[in-house]
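Shown here: run-v4.tsv, TSV, C-alpha atoms.
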chain	number	residue	atom	x	y	z
T	959	MET	CA	-45.25	8.37	88.15
T	960	ASN	CA	-48.23	10.04	86.45
T	961	TYR	CA	-47.98	13.03	84.04
T	962	PRO	CA	-50.84	15.28	82.86
T	963	VAL	CA	-52.53	14.02	79.73
T	964	ASN	CA	-51.73	17.20	77.75
T	965	GLN	CA	-47.99	16.86	78.34
T	966	ALA	CA	-46.07	14.40	76.18
T	967	LEU	CA	-42.71	13.02	77.21
T	968	ALA	CA	-39.41	13.61	75.48
T	969	VAL	CA	-36.46	11.31	76.19
T	970	ARG	CA	-32.96	12.76	75.77
T	971	GLN	CA	-30.00	10.39	75.38
T	972	ASP	CA	-26.93	12.01	76.97
T	973	PHE	CA	-23.26	11.26	76.37
T	974	GLY	CA	-22.19	8.13	78.25
T	975	GLY	CA	-25.52	6.34	77.96
T	976	THR	CA	-27.48	8.24	80.61
T	977	SER	CA	-30.94	9.42	79.75
T	978	SER	CA	-33.38	11.98	81.09
T	979	THR	CA	-37.07	12.55	80.57
T	980	LEU	CA	-38.55	16.02	79.98
T	981	ALA	CA	-42.04	17.22	79.34
T	982	ALA	CA	-42.49	18.21	75.68
T	983	GLN	CA	-44.16	21.45	76.77
T	984	GLU	CA	-41.05	22.48	78.71
T	985	THR	CA	-38.85	21.54	75.74
T	986	ALA	CA	-40.96	23.63	73.34
T	987	SER	CA	-40.91	26.62	75.69
T	988	ALA	CA	-37.16	26.42	75.98
T	989	TYR	CA	-36.84	26.23	72.17
T	990	VAL	CA	-39.03	29.30	71.65
T	991	ALA	CA	-37.06	31.22	74.27
T	992	ALA	CA	-33.79	30.27	72.57
T	993	GLN	CA	-35.12	31.42	69.19
T	994	GLU	CA	-36.22	34.77	70.62
T	995	THR	CA	-32.83	35.23	72.26
T	996	ALA	CA	-31.01	34.46	68.98
T	997	SER	CA	-33.23	36.90	67.04
T	998	ALA	CA	-32.65	39.63	69.62
T	999	TYR	CA	-28.90	39.02	69.44
T	1000	VAL	CA	-28.84	39.27	65.64
T	1001	ALA	CA	-30.92	42.47	65.72
T	1002	ALA	CA	-28.67	44.01	68.38
T	1003	GLN	CA	-25.57	43.04	66.42
T	1004	ALA	CA	-26.91	44.61	63.20
T	1005	LYS	CA	-27.86	47.78	65.07
T	1006	ALA	CA	-24.40	48.01	66.64
T	1007	VAL	CA	-22.69	47.60	63.24
T	1008	VAL	CA	-24.81	50.36	61.66
T	1009	GLU	CA	-24.26	52.71	64.58
T	1010	ALA	CA	-20.51	52.04	64.54
T	1011	ARG	CA	-20.30	52.96	60.84
T	1012	TYR	CA	-22.08	56.26	61.34
T	1013	VAL	CA	-20.04	57.05	64.46
T	1014	MET	CA	-16.77	56.46	62.59
T	1015	ALA	CA	-18.04	58.63	59.72
T	1016	LEU	CA	-18.72	61.48	62.15
T	1017	ARG	CA	-15.36	61.07	63.89
T	1018	ARG	CA	-13.36	60.87	60.66
T	1019	PRO	CA	-15.19	63.02	58.08
T	1020	ARG	CA	-13.82	63.11	54.56
T	1021	GLN	CA	-11.74	66.02	53.36
T	1022	TRP	CA	-12.77	66.83	49.81
T	1023	ASP	CA	-9.41	68.30	48.85
T	1024	GLN	CA	-7.74	65.06	49.92
T	1025	VAL	CA	-10.38	63.00	48.10
T	1026	ARG	CA	-9.75	64.95	44.91
T	1027	GLN	CA	-5.98	64.60	45.26
T	1028	ASP	CA	-6.13	60.84	45.85
T	1029	LEU	CA	-8.63	60.21	43.05
T	1030	LEU	CA	-6.78	62.23	40.40
T	1031	LYS	CA	-3.54	60.54	41.41
T	1032	GLU	CA	-5.12	57.17	40.69
T	1033	CYS	CA	-6.44	58.38	37.33
T	1034	LYS	CA	-2.95	59.52	36.30
T	1035	ARG	CA	-1.59	55.99	36.57
T	1036	PRO	CA	-1.37	54.59	33.00
T	1037	SER	CA	-2.30	51.09	34.15
T	1038	PHE	CA	-5.53	52.43	35.64
T	1039	ALA	CA	-6.35	54.89	32.86
T	1040	ASN	CA	-5.96	52.15	30.24
T	1041	ASN	CA	-8.09	49.66	32.17
T	1042	LYS	CA	-11.02	48.61	29.99
T	1043	SER	CA	-13.44	49.06	32.89
T	1044	ALA	CA	-12.20	52.49	33.96
T	1045	TYR	CA	-13.70	54.19	30.92
T	1046	TYR	CA	-15.79	52.65	28.14
T	1047	ARG	CA	-17.30	53.64	24.81
T	1048	LYS	CA	-20.53	52.07	23.51
T	1049	PRO	CA	-21.24	52.10	19.75
T	1050	ILE	CA	-24.62	53.80	20.01
T	1051	GLY	CA	-25.18	56.60	17.52
T	1052	ASP	CA	-22.07	58.74	17.48
T	1053	GLY	CA	-20.87	56.85	20.56
T	1054	VAL	CA	-21.85	56.80	24.25
T	1055	GLU	CA	-18.93	57.15	26.64
T	1056	GLY	CA	-18.82	56.85	30.41
T	1057	LEU	CA	-16.84	56.06	33.52
T	1058	GLY	CA	-16.84	52.36	34.37
T	1059	ILE	CA	-17.04	50.18	37.45
T	1060	ARG	CA	-13.27	50.29	38.13
T	1061	PHE	CA	-13.39	54.07	38.36
T	1062	VAL	CA	-16.40	53.94	40.69
T	1063	GLU	CA	-14.68	51.42	42.97
T	1064	VAL	CA	-11.57	53.59	43.26
T	1065	ALA	CA	-13.59	56.79	43.70
T	1066	LEU	CA	-15.71	55.37	46.52
T	1067	ARG	CA	-12.59	54.10	48.26
T	1068	CYS	CA	-11.00	57.54	48.03
T	1069	MET	CA	-14.16	59.21	49.33
T	1070	THR	CA	-14.36	56.93	52.40
T	1071	ASN	CA	-17.47	56.71	54.58
T	1072	VAL	CA	-19.48	55.12	51.76
T	1073	LEU	CA	-21.33	51.85	52.34
T	1074	VAL	CA	-22.12	49.44	49.48
T	1075	GLU	CA	-24.57	46.65	50.34
T	1076	THR	CA	-26.00	43.77	48.34
T	1077	SER	CA	-28.66	41.30	49.48
T	1078	MET	CA	-30.96	38.81	47.77
T	1079	ILE	CA	-34.59	39.75	48.39
T	1080	PHE	CA	-36.32	37.22	46.14
T	1081	GLU	CA	-35.59	33.94	44.40
T	1082	ASP	CA	-37.60	31.39	42.48
T	1083	GLU	CA	-36.88	28.83	39.78
T	1084	GLY	CA	-36.60	31.44	37.05
T	1085	LYS	CA	-34.84	34.44	38.56
T	1086	GLU	CA	-33.14	36.16	41.47
T	1087	ILE	CA	-33.69	39.74	42.60
T	1088	HIS	CA	-30.83	41.41	44.43
T	1089	ARG	CA	-31.11	44.75	46.19
T	1090	VAL	CA	-28.01	46.88	45.73
T	1091	SER	CA	-27.65	50.09	47.72
T	1092	VAL	CA	-24.96	52.74	48.04
T	1093	THR	CA	-25.06	54.98	51.12
T	1094	ASP	CA	-23.11	58.13	51.92
T	1095	LEU	CA	-22.72	57.75	55.68
T	1096	GLU	CA	-21.91	61.42	56.19
T	1097	SER	CA	-25.03	62.80	54.51
T	1098	ASN	CA	-27.20	59.73	55.25
T	1099	LEU	CA	-28.10	59.59	51.56
T	1100	THR	CA	-28.99	56.15	50.16
T	1101	TYR	CA	-29.65	55.09	46.56
T	1102	PRO	CA	-31.17	51.58	46.23
T	1103	LEU	CA	-31.67	49.54	43.07
T	1104	ASP	CA	-33.23	46.09	42.56
T	1105	VAL	CA	-31.38	43.93	40.04
T	1106	ARG	CA	-33.03	40.98	38.31
T	1107	VAL	CA	-30.83	38.03	37.33
T	1108	THR	CA	-32.53	35.43	35.17
T	1109	LYS	CA	-31.42	31.82	35.57
T	1110	THR	CA	-31.15	31.19	31.83
T	1111	VAL	CA	-28.56	31.76	29.11
T	1112	GLU	CA	-28.63	31.66	25.33
T	1113	ARG	CA	-26.58	29.05	23.51
T	1114	SER	CA	-26.12	27.94	19.91
T	1115	LYS	CA	-27.32	24.43	20.79
T	1116	PRO	CA	-29.65	22.80	23.35
T	1117	SER	CA	-28.52	21.27	26.63
T	1118	ASP	CA	-26.62	17.98	26.60
T	1119	ASP	CA	-29.87	16.05	27.01
T	1120	GLY	CA	-31.40	17.87	24.05
T	1121	THR	CA	-33.81	20.00	26.08
T	1122	TYR	CA	-34.23	23.77	25.96
T	1123	ILE	CA	-36.64	26.38	27.25
T	1124	SER	CA	-37.22	28.34	24.02
T	1125	VAL	CA	-35.64	28.95	20.64
T	1126	ARG	CA	-35.42	31.98	18.34
T	1127	LYS	CA	-33.71	32.99	15.09
T	1128	ASN	CA	-30.79	35.40	15.26
T	1129	SER	CA	-29.80	37.94	12.60
T	1130	TYR	CA	-27.89	35.19	10.74
T	1131	ASN	CA	-31.10	33.06	10.62
T	1132	ARG	CA	-29.58	30.52	12.99
T	1133	ASN	CA	-31.27	28.98	15.99
T	1134	VAL	CA	-30.43	30.42	19.40
T	1135	TYR	CA	-31.58	28.29	22.35
T	1136	THR	CA	-32.49	29.48	25.83
T	1137	VAL	CA	-31.28	26.90	28.34
T	1138	PRO	CA	-30.96	26.78	32.16
T	1139	ALA	CA	-27.83	28.54	33.42
T	1140	THR	CA	-25.11	26.51	35.09
T	1141	ASP	CA	-23.68	27.57	38.45
T	1142	ASP	CA	-20.77	29.27	36.68
T	1143	ASP	CA	-23.09	31.02	34.22
T	1144	LEU	CA	-25.26	32.28	37.05
T	1145	LEU	CA	-22.26	33.46	39.04
T	1146	ASN	CA	-20.97	35.47	36.07
T	1147	LYS	CA	-24.38	36.98	35.29
T	1148	ARG	CA	-24.95	37.90	38.93
T	1149	ALA	CA	-21.55	39.54	39.28
T	1150	ALA	CA	-21.95	41.49	36.03
T	1151	GLN	CA	-25.42	42.80	36.86
T	1152	ILE	CA	-24.46	43.79	40.40
T	1153	SER	CA	-21.32	45.56	39.15
T	1154	LYS	CA	-23.39	47.58	36.68
T	1155	ALA	CA	-25.81	48.54	39.45
T	1156	ILE	CA	-22.96	49.64	41.74
T	1157	ARG	CA	-21.54	51.74	38.88
T	1158	THR	CA	-24.89	53.40	38.25
T	1159	LEU	CA	-25.52	54.16	41.94
T	1160	GLY	CA	-21.92	55.11	42.71
T	1161	LEU	CA	-21.90	57.77	40.01
T	1162	ARG	CA	-24.83	59.42	41.81
T	1163	ILE	CA	-22.75	59.72	44.98
T	1164	ILE	CA	-19.51	60.91	43.38
T	1165	PRO	CA	-19.55	64.71	42.75
T	1166	GLY	CA	-19.95	65.61	39.08
T	1167	ASP	CA	-16.94	67.96	38.98
T	1168	LEU	CA	-14.66	65.15	40.16
T	1169	GLN	CA	-16.08	62.88	37.46
T	1170	ASP	CA	-15.40	65.51	34.79
T	1171	GLU	CA	-11.79	66.01	35.93
T	1172	ALA	CA	-11.16	62.28	36.13
T	1173	GLU	CA	-12.65	61.69	32.68
T	1174	ALA	CA	-10.43	64.38	31.14
T	1175	ILE	CA	-7.31	62.89	32.74
T	1176	ILE	CA	-8.12	59.33	31.64
T	1177	LYS	CA	-8.69	60.46	28.05
T	1178	ALA	CA	-5.47	62.50	28.07
T	1179	ILE	CA	-3.42	59.59	29.46
T	1180	ARG	CA	-4.77	57.23	26.81
T	1181	LEU	CA	-4.13	59.74	24.05
T	1182	ASP	CA	-0.60	60.56	25.27
T	1183	GLU	CA	0.38	56.90	25.49
T	1184	ALA	CA	-1.01	56.21	22.03
T	1185	ALA	CA	0.86	59.24	20.63
T	1186	ARG	CA	4.11	58.38	22.40
T	1187	ASP	CA	4.37	54.82	21.13
T	1188	PRO	CA	1.60	54.16	18.56
T	1189	ASP	CA	3.17	50.94	17.27
T	1190	THR	CA	3.16	49.29	20.69
T	1191	GLU	CA	-0.34	50.54	21.44
T	1192	ARG	CA	-1.59	49.29	18.06
T	1193	LYS	CA	-0.19	45.81	18.71
T	1194	ARG	CA	-1.74	45.70	22.18
T	1195	ILE	CA	-5.14	46.67	20.85
T	1196	ALA	CA	-4.97	44.20	17.97
T	1197	ASP	CA	-4.00	41.40	20.39
T	1198	ALA	CA	-6.78	42.38	22.78
T	1199	PHE	CA	-9.41	42.28	20.03
T	1200	GLY	CA	-7.99	38.97	18.83
T	1201	GLU	CA	-8.72	37.46	22.24
T	1202	ILE	CA	-12.43	38.24	21.85
T	1203	GLY	CA	-12.64	36.92	18.29
T	1204	VAL	CA	-12.22	40.17	16.33
T	1205	LYS	CA	-9.54	39.86	13.64
T	1206	ALA	CA	-7.19	42.55	12.39
T	1207	ALA	CA	-9.04	42.45	9.04
T	1208	ASP	CA	-12.26	43.30	10.90
T	1209	LEU	CA	-10.59	46.31	12.50
T	1210	THR	CA	-9.35	47.43	9.09
T	1211	GLU	CA	-12.90	47.21	7.73
T	1212	TYR	CA	-14.20	49.26	10.65
T	1213	LEU	CA	-11.53	51.96	10.34
T	1214	GLY	CA	-11.57	52.14	6.56
T	1215	HIS	CA	-7.78	51.85	6.44
T	1216	THR	CA	-5.00	49.60	7.76
T	1217	LEU	CA	-4.06	49.54	11.42
T	1218	ASP	CA	-0.55	50.88	10.82
T	1219	THR	CA	-2.01	54.23	9.75
T	1220	CYS	CA	-4.19	54.67	12.86
T	1221	SER	CA	-4.11	58.06	14.53
T	1222	PRO	CA	-3.74	58.26	18.35
T	1223	ALA	CA	-7.40	59.33	18.60
T	1224	GLU	CA	-8.51	56.25	16.64
T	1225	LEU	CA	-6.46	54.00	18.91
T	1226	VAL	CA	-8.14	55.55	21.97
T	1227	ASN	CA	-11.53	55.00	20.36
T	1228	LEU	CA	-10.72	51.35	19.65
T	1229	ARG	CA	-9.61	50.79	23.24
T	1230	GLY	CA	-12.92	52.17	24.48
T	1231	ILE	CA	-14.89	49.92	22.12
T	1232	TYR	CA	-12.85	46.92	23.24
T	1233	GLY	CA	-13.73	47.68	26.86
T	1234	ALA	CA	-17.46	47.82	26.06
T	1235	ILE	CA	-17.33	44.48	24.21
T	1236	ARG	CA	-15.19	42.79	26.85
T	1237	ASP	CA	-17.59	43.83	29.63
T	1238	GLY	CA	-20.62	42.60	27.70
T	1239	GLU	CA	-21.96	46.11	27.06
T	1240	SER	CA	-21.84	45.64	23.28
T	1241	SER	CA	-20.75	43.27	20.51
T	1242	TRP	CA	-18.65	43.59	17.36
T	1243	LYS	CA	-21.77	42.98	15.27
T	1244	SER	CA	-23.50	45.98	16.84
T	1245	VAL	CA	-20.33	48.06	16.35
T	1246	MET	CA	-20.35	47.36	12.62
T	1247	GLU	CA	-24.11	47.89	12.33
T	1248	ASN	CA	-23.83	51.25	14.05
T	1249	LYS	CA	-20.91	52.17	11.78
T	1250	ALA	CA	-23.00	51.30	8.72
T	1251	GLU	CA	-25.94	53.37	9.97
T	1252	GLN	CA	-23.74	56.40	10.61
T	1253	GLN	CA	-22.08	56.07	7.21
T	1254	ALA	CA	-25.43	55.68	5.46
T	1255	GLY	CA	-26.63	58.91	7.04
T	1256	LYS	CA	-23.54	60.80	5.95
T	1257	ASN	CA	-23.64	59.41	2.41
T	1258	GLY	CA	-27.33	60.18	2.11
T	1259	GLY	CA	-26.74	63.79	3.05
T	1260	THR	CA	-23.94	64.27	0.48
T	1261	GLY	CA	-25.60	62.39	-2.35
T	1262	ASN	CA	-23.47	59.26	-2.48
T	1263	ALA	CA	-23.41	57.69	-5.92
T	1264	GLY	CA	-22.43	54.31	-4.59
T	1265	GLY	CA	-25.97	52.97	-4.59
T	1266	GLY	CA	-29.48	54.27	-4.71
T	1267	ALA	CA	-30.81	52.19	-1.82
T	1268	GLY	CA	-28.15	53.25	0.62
T	1269	ALA	CA	-28.44	56.88	-0.34
T	1270	GLY	CA	-32.19	56.77	-0.08
T	1271	ASN	CA	-32.10	55.34	3.44
T	1272	GLY	CA	-29.56	57.91	4.54
T	1273	SER	CA	-31.61	60.75	3.11
T	1274	LYS	CA	-34.68	59.50	4.89
T	1275	GLY	CA	-32.79	59.21	8.17
T	1276	SER	CA	-31.43	62.76	7.93
T	1277	SER	CA	-34.94	64.18	7.35
T	1278	LEU	CA	-36.53	62.44	10.35
T	1279	PRO	CA	-37.77	64.62	13.21
T	1280	THR	CA	-35.98	64.61	16.57
T	1281	CYS	CA	-37.89	63.08	19.47
T	1282	SER	CA	-38.88	65.85	21.88
T	1283	ASP	CA	-38.50	65.49	25.63
T	1284	GLU	CA	-42.29	65.42	26.05
T	1285	ALA	CA	-42.70	62.68	23.45
T	1286	PHE	CA	-39.86	60.69	25.01
T	1287	GLU	CA	-41.53	60.82	28.43
T	1288	LYS	CA	-44.79	59.54	26.97
T	1289	LYS	CA	-43.22	56.68	25.03
T	1290	LYS	CA	-40.42	55.54	27.33
T	1291	ALA	CA	-42.63	53.25	29.45
T	1292	GLY	CA	-43.30	51.02	26.43
T	1293	TRP	CA	-39.70	51.16	25.27
T	1294	ARG	CA	-38.50	50.25	28.74
T	1295	LYS	CA	-40.75	47.18	28.75
T	1296	ALA	CA	-39.06	46.09	25.53
T	1297	ILE	CA	-35.64	46.26	27.23
T	1298	GLU	CA	-36.94	44.34	30.25
T	1299	GLY	CA	-38.38	41.76	27.85
T	1300	GLY	CA	-34.91	41.00	26.47
T	1301	LYS	CA	-34.55	43.41	23.54
T	1302	SER	CA	-31.02	44.80	23.26
T	1303	VAL	CA	-30.35	48.50	23.65
T	1304	ASN	CA	-28.83	48.79	20.18
T	1305	ASP	CA	-31.77	47.03	18.51
T	1306	LEU	CA	-34.31	49.23	20.31
T	1307	ILE	CA	-32.49	52.46	19.40
T	1308	ALA	CA	-32.15	51.33	15.78
T	1309	MET	CA	-35.88	50.56	15.64
T	1310	ILE	CA	-36.87	53.91	17.16
T	1311	GLN	CA	-34.62	55.84	14.80
T	1312	THR	CA	-36.38	54.47	11.76
T	1313	LYS	CA	-39.20	56.87	12.71
T	1314	GLU	CA	-37.57	59.63	14.77
T	1315	LEU	CA	-34.08	60.62	15.89
T	1316	LEU	CA	-32.95	60.41	19.52
T	1317	THR	CA	-30.68	62.85	21.31
T	1318	ASP	CA	-27.50	61.65	23.04
T	1319	ASP	CA	-29.14	62.11	26.48
T	1320	GLN	CA	-32.12	60.02	25.40
T	1321	LYS	CA	-29.83	57.27	24.12
T	1322	MET	CA	-27.92	57.25	27.39
T	1323	GLU	CA	-31.15	56.95	29.39
T	1324	ILE	CA	-32.24	54.00	27.25
T	1325	ALA	CA	-28.83	52.38	27.77
T	1326	SER	CA	-29.23	52.76	31.55
T	1327	TRP	CA	-32.46	50.70	31.48
T	1328	ALA	CA	-30.44	47.58	30.75
T	1329	THR	CA	-29.11	47.67	34.34
T	1330	GLU	CA	-32.22	49.04	35.99
T	1331	GLY	CA	-34.72	46.50	34.66
T	1332	GLY	CA	-34.91	44.61	37.95
T	1333	ALA	CA	-36.13	47.70	39.80
T	1334	GLN	CA	-39.52	47.41	38.13
T	1335	GLN	CA	-40.07	43.82	39.18

Output the file's structure as structure tokens, nothing else.
Amino acid sequence: MNYPVNQALAVRQDFGGTSSTLAAQETASAYVAAQETASAYVAAQAKAVVEARYVMALRRPRQWDQVRQDLLKECKRPSFANNKSAYYRKPIGDGVEGLGIRFVEVALRCMTNVLVETSMIFEDEGKEIHRVSVTDLESNLTYPLDVRVTKTVERSKPSDDGTYISVRKNSYNRNVYTVPATDDDLLNKRAAQISKAIRTLGLRIIPGDLQDEAEAIIKAIRLDEAARDPDTERKRIADAFGEIGVKAADLTEYLGHTLDTCSPAELVNLRGIYGAIRDGESSWKSVMENKAEQQAGKNGGTGNAGGGAGAGNGSKGSSLPTCSDEAFEKKKAGWRKAIEGGKSVNDLIAMIQTKELLTDDQKMEIASWATEGGAQQ
């Protein structure tokens, strides 16, 4: 039997030993048709899922009074209010406070008809870029954010084989090595960065008045519990800090007095700081540095006799001009590049404030760049 020259033969071995011969052209055509059918099926399935979500949102619209009731009920639970990720406090300036990822998760669940999506849009040997988006299905409002996750971590020593990517000196003049991240390291970094992005985007969807009410309740619950049984709360906080390597003596140094004389407000402040450290938003070193800067400013203004150098620095800091909104807008592009290049938020703010003072809103915007760096990639 003769076949055309431009058609090759393909032999298929079937189950049971039988075989059949097909033209390669027919096989290729069938493969292409199958691929097109699979692509059409996937597209139709995705379209049906999206349409179903919007249809359900229209059929079961949220009731804002019910949303408010459910959300505030959650915030009144002590176990939720005291969660380190429900509300945090960063040691930046006089302190930057905010609602955390646990609050955002609960709030979006109470709101209903909100879609949170995450997908990887780029990957190479050095980094991943994930696109995180939060959509209000009722108003068809979507906030996207691209999150960059680098595939490296910093360690106090090189990899087991002695290799490392780069090395730098830390504030203690010790070597810090950048090494490739393990699977567990990468998983933790990815989860942390995506959680921060969801928190940032979710807070744009949640109405501001609900956030204000929830924040007031969480603070009141923490303060009431600390006032009701300060001894128990003090022990819990001391134990929690001990788990992250902060000793009771360190807490005493920070407070300026022993733990047993803590006021309820100080206990609430410590719990917020613990949450920021535990979630990787800050470190105990930056807490103490910020405390020293604040104290230096106060002593400089009152003419502290404890030392000329400290008083001089504080006096200089108190006489610095405040950065105007116009100046901030002009300079923030360069400052943002420093954050994206790996500089910590606390270090950048400390550097800026050697020349000019920042407002609380400006500090909060700088802090937000730590989670939004991937959007500029």

From T:Asp1283, T:Pro1116, T:Arg1011, T:Ala1328, residue lying nearest Lys1295 (chain T) [all atoms listed in the file]: T:Ala1328

Give as an mmCIF file with C-alpha atoms, in the coordinates of the input the set of residues within 12 Å of the point (-19.9, 62.6, 39.3), where distances use the file's coordinates and only C-alpha atoms.
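Result file point.cif:
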data_model
loop_
_atom_site.group_PDB
_atom_site.id
_atom_site.type_symbol
_atom_site.label_atom_id
_atom_site.label_comp_id
_atom_site.auth_asym_id
_atom_site.auth_seq_id
_atom_site.Cartn_x
_atom_site.Cartn_y
_atom_site.Cartn_z
ATOM 1 C CA ARG T 1026 -9.750 64.950 44.910
ATOM 2 C CA GLY T 1056 -18.820 56.850 30.410
ATOM 3 C CA LEU T 1057 -16.840 56.060 33.520
ATOM 4 C CA GLY T 1058 -16.840 52.360 34.370
ATOM 5 C CA PHE T 1061 -13.390 54.070 38.360
ATOM 6 C CA VAL T 1062 -16.400 53.940 40.690
ATOM 7 C CA ALA T 1065 -13.590 56.790 43.700
ATOM 8 C CA LEU T 1066 -15.710 55.370 46.520
ATOM 9 C CA ARG T 1157 -21.540 51.740 38.880
ATOM 10 C CA THR T 1158 -24.890 53.400 38.250
ATOM 11 C CA LEU T 1159 -25.520 54.160 41.940
ATOM 12 C CA GLY T 1160 -21.920 55.110 42.710
ATOM 13 C CA LEU T 1161 -21.900 57.770 40.010
ATOM 14 C CA ARG T 1162 -24.830 59.420 41.810
ATOM 15 C CA ILE T 1163 -22.750 59.720 44.980
ATOM 16 C CA ILE T 1164 -19.510 60.910 43.380
ATOM 17 C CA PRO T 1165 -19.550 64.710 42.750
ATOM 18 C CA GLY T 1166 -19.950 65.610 39.080
ATOM 19 C CA ASP T 1167 -16.940 67.960 38.980
ATOM 20 C CA LEU T 1168 -14.660 65.150 40.160
ATOM 21 C CA GLN T 1169 -16.080 62.880 37.460
ATOM 22 C CA ASP T 1170 -15.400 65.510 34.790
ATOM 23 C CA GLU T 1171 -11.790 66.010 35.930
ATOM 24 C CA ALA T 1172 -11.160 62.280 36.130
ATOM 25 C CA GLU T 1173 -12.650 61.690 32.680
#

Residue neighbourhood His1215 (chain T), 12 Å, only C-alpha atoms, exclusion window fewer than 6 positions, as a list of chain:residue names: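 What passes the distance filter is T:Ala1206, T:Ala1207, T:Asp1208, T:Leu1209, T:Ser1221, T:Glu1224.
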
Distance in Å - CA of Cys1220 (chain T) versus CA of Ala1250 (chain T): 19.6 Å

Counting all atoms listed in the file, the option among T:Trp1327, T:Phe1199, T:Phe1286, T:Trp1022 closest to Glu1298 (chain T): T:Trp1327

Reconstruct N, CA, C and O atoms of region 1187-1200 of chain T from the incomplete input and present them as a PDB file, in the frame of the given file.
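Result file rebuild_28.pdb:
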ATOM      1  N   ASP T1187       3.898  56.071  21.737  1.00  0.00           N
ATOM      2  CA  ASP T1187       4.370  54.820  21.130  1.00  0.00           C
ATOM      3  C   ASP T1187       3.197  54.154  20.405  1.00  0.00           C
ATOM      4  O   ASP T1187       2.632  53.160  20.880  1.00  0.00           O
ATOM      5  N   PRO T1188       2.786  54.689  19.262  1.00  0.00           N
ATOM      6  CA  PRO T1188       1.600  54.160  18.560  1.00  0.00           C
ATOM      7  C   PRO T1188       1.763  52.721  18.095  1.00  0.00           C
ATOM      8  O   PRO T1188       0.788  51.975  18.055  1.00  0.00           O
ATOM      9  N   ASP T1189       2.981  52.315  17.744  1.00  0.00           N
ATOM     10  CA  ASP T1189       3.170  50.940  17.270  1.00  0.00           C
ATOM     11  C   ASP T1189       2.869  49.931  18.371  1.00  0.00           C
ATOM     12  O   ASP T1189       2.170  48.933  18.155  1.00  0.00           O
ATOM     13  N   THR T1190       3.409  50.195  19.569  1.00  0.00           N
ATOM     14  CA  THR T1190       3.160  49.290  20.690  1.00  0.00           C
ATOM     15  C   THR T1190       1.682  49.269  21.056  1.00  0.00           C
ATOM     16  O   THR T1190       1.096  48.212  21.305  1.00  0.00           O
ATOM     17  N   GLU T1191       1.071  50.452  21.089  1.00  0.00           N
ATOM     18  CA  GLU T1191      -0.340  50.540  21.440  1.00  0.00           C
ATOM     19  C   GLU T1191      -1.196  49.824  20.392  1.00  0.00           C
ATOM     20  O   GLU T1191      -2.175  49.134  20.735  1.00  0.00           O
ATOM     21  N   ARG T1192      -0.837  49.956  19.126  1.00  0.00           N
ATOM     22  CA  ARG T1192      -1.590  49.290  18.060  1.00  0.00           C
ATOM     23  C   ARG T1192      -1.523  47.777  18.214  1.00  0.00           C
ATOM     24  O   ARG T1192      -2.537  47.078  18.065  1.00  0.00           O
ATOM     25  N   LYS T1193      -0.339  47.256  18.536  1.00  0.00           N
ATOM     26  CA  LYS T1193      -0.190  45.810  18.710  1.00  0.00           C
ATOM     27  C   LYS T1193      -0.998  45.314  19.917  1.00  0.00           C
ATOM     28  O   LYS T1193      -1.618  44.250  19.866  1.00  0.00           O
ATOM     29  N   ARG T1194      -0.972  46.096  20.991  1.00  0.00           N
ATOM     30  CA  ARG T1194      -1.740  45.700  22.180  1.00  0.00           C
ATOM     31  C   ARG T1194      -3.229  45.638  21.873  1.00  0.00           C
ATOM     32  O   ARG T1194      -3.920  44.697  22.282  1.00  0.00           O
ATOM     33  N   ILE T1195      -3.719  46.641  21.163  1.00  0.00           N
ATOM     34  CA  ILE T1195      -5.140  46.670  20.850  1.00  0.00           C
ATOM     35  C   ILE T1195      -5.518  45.539  19.905  1.00  0.00           C
ATOM     36  O   ILE T1195      -6.543  44.875  20.078  1.00  0.00           O
ATOM     37  N   ALA T1196      -4.693  45.293  18.901  1.00  0.00           N
ATOM     38  CA  ALA T1196      -4.970  44.200  17.970  1.00  0.00           C
ATOM     39  C   ALA T1196      -4.989  42.865  18.695  1.00  0.00           C
ATOM     40  O   ALA T1196      -5.868  42.015  18.441  1.00  0.00           O
ATOM     41  N   ASP T1197      -4.045  42.656  19.620  1.00  0.00           N
ATOM     42  CA  ASP T1197      -4.000  41.400  20.390  1.00  0.00           C
ATOM     43  C   ASP T1197      -5.230  41.280  21.289  1.00  0.00           C
ATOM     44  O   ASP T1197      -5.800  40.193  21.442  1.00  0.00           O
ATOM     45  N   ALA T1198      -5.621  42.408  21.892  1.00  0.00           N
ATOM     46  CA  ALA T1198      -6.780  42.380  22.780  1.00  0.00           C
ATOM     47  C   ALA T1198      -8.043  42.017  22.008  1.00  0.00           C
ATOM     48  O   ALA T1198      -8.847  41.177  22.453  1.00  0.00           O
ATOM     49  N   PHE T1199      -8.244  42.616  20.840  1.00  0.00           N
ATOM     50  CA  PHE T1199      -9.410  42.280  20.030  1.00  0.00           C
ATOM     51  C   PHE T1199      -9.351  40.835  19.546  1.00  0.00           C
ATOM     52  O   PHE T1199     -10.378  40.159  19.436  1.00  0.00           O
ATOM     53  N   GLY T1200      -8.139  40.356  19.251  1.00  0.00           N
ATOM     54  CA  GLY T1200      -7.990  38.970  18.830  1.00  0.00           C
ATOM     55  C   GLY T1200      -8.474  37.988  19.878  1.00  0.00           C
ATOM     56  O   GLY T1200      -9.018  36.926  19.551  1.00  0.00           O
TER      57      GLY T1200
END
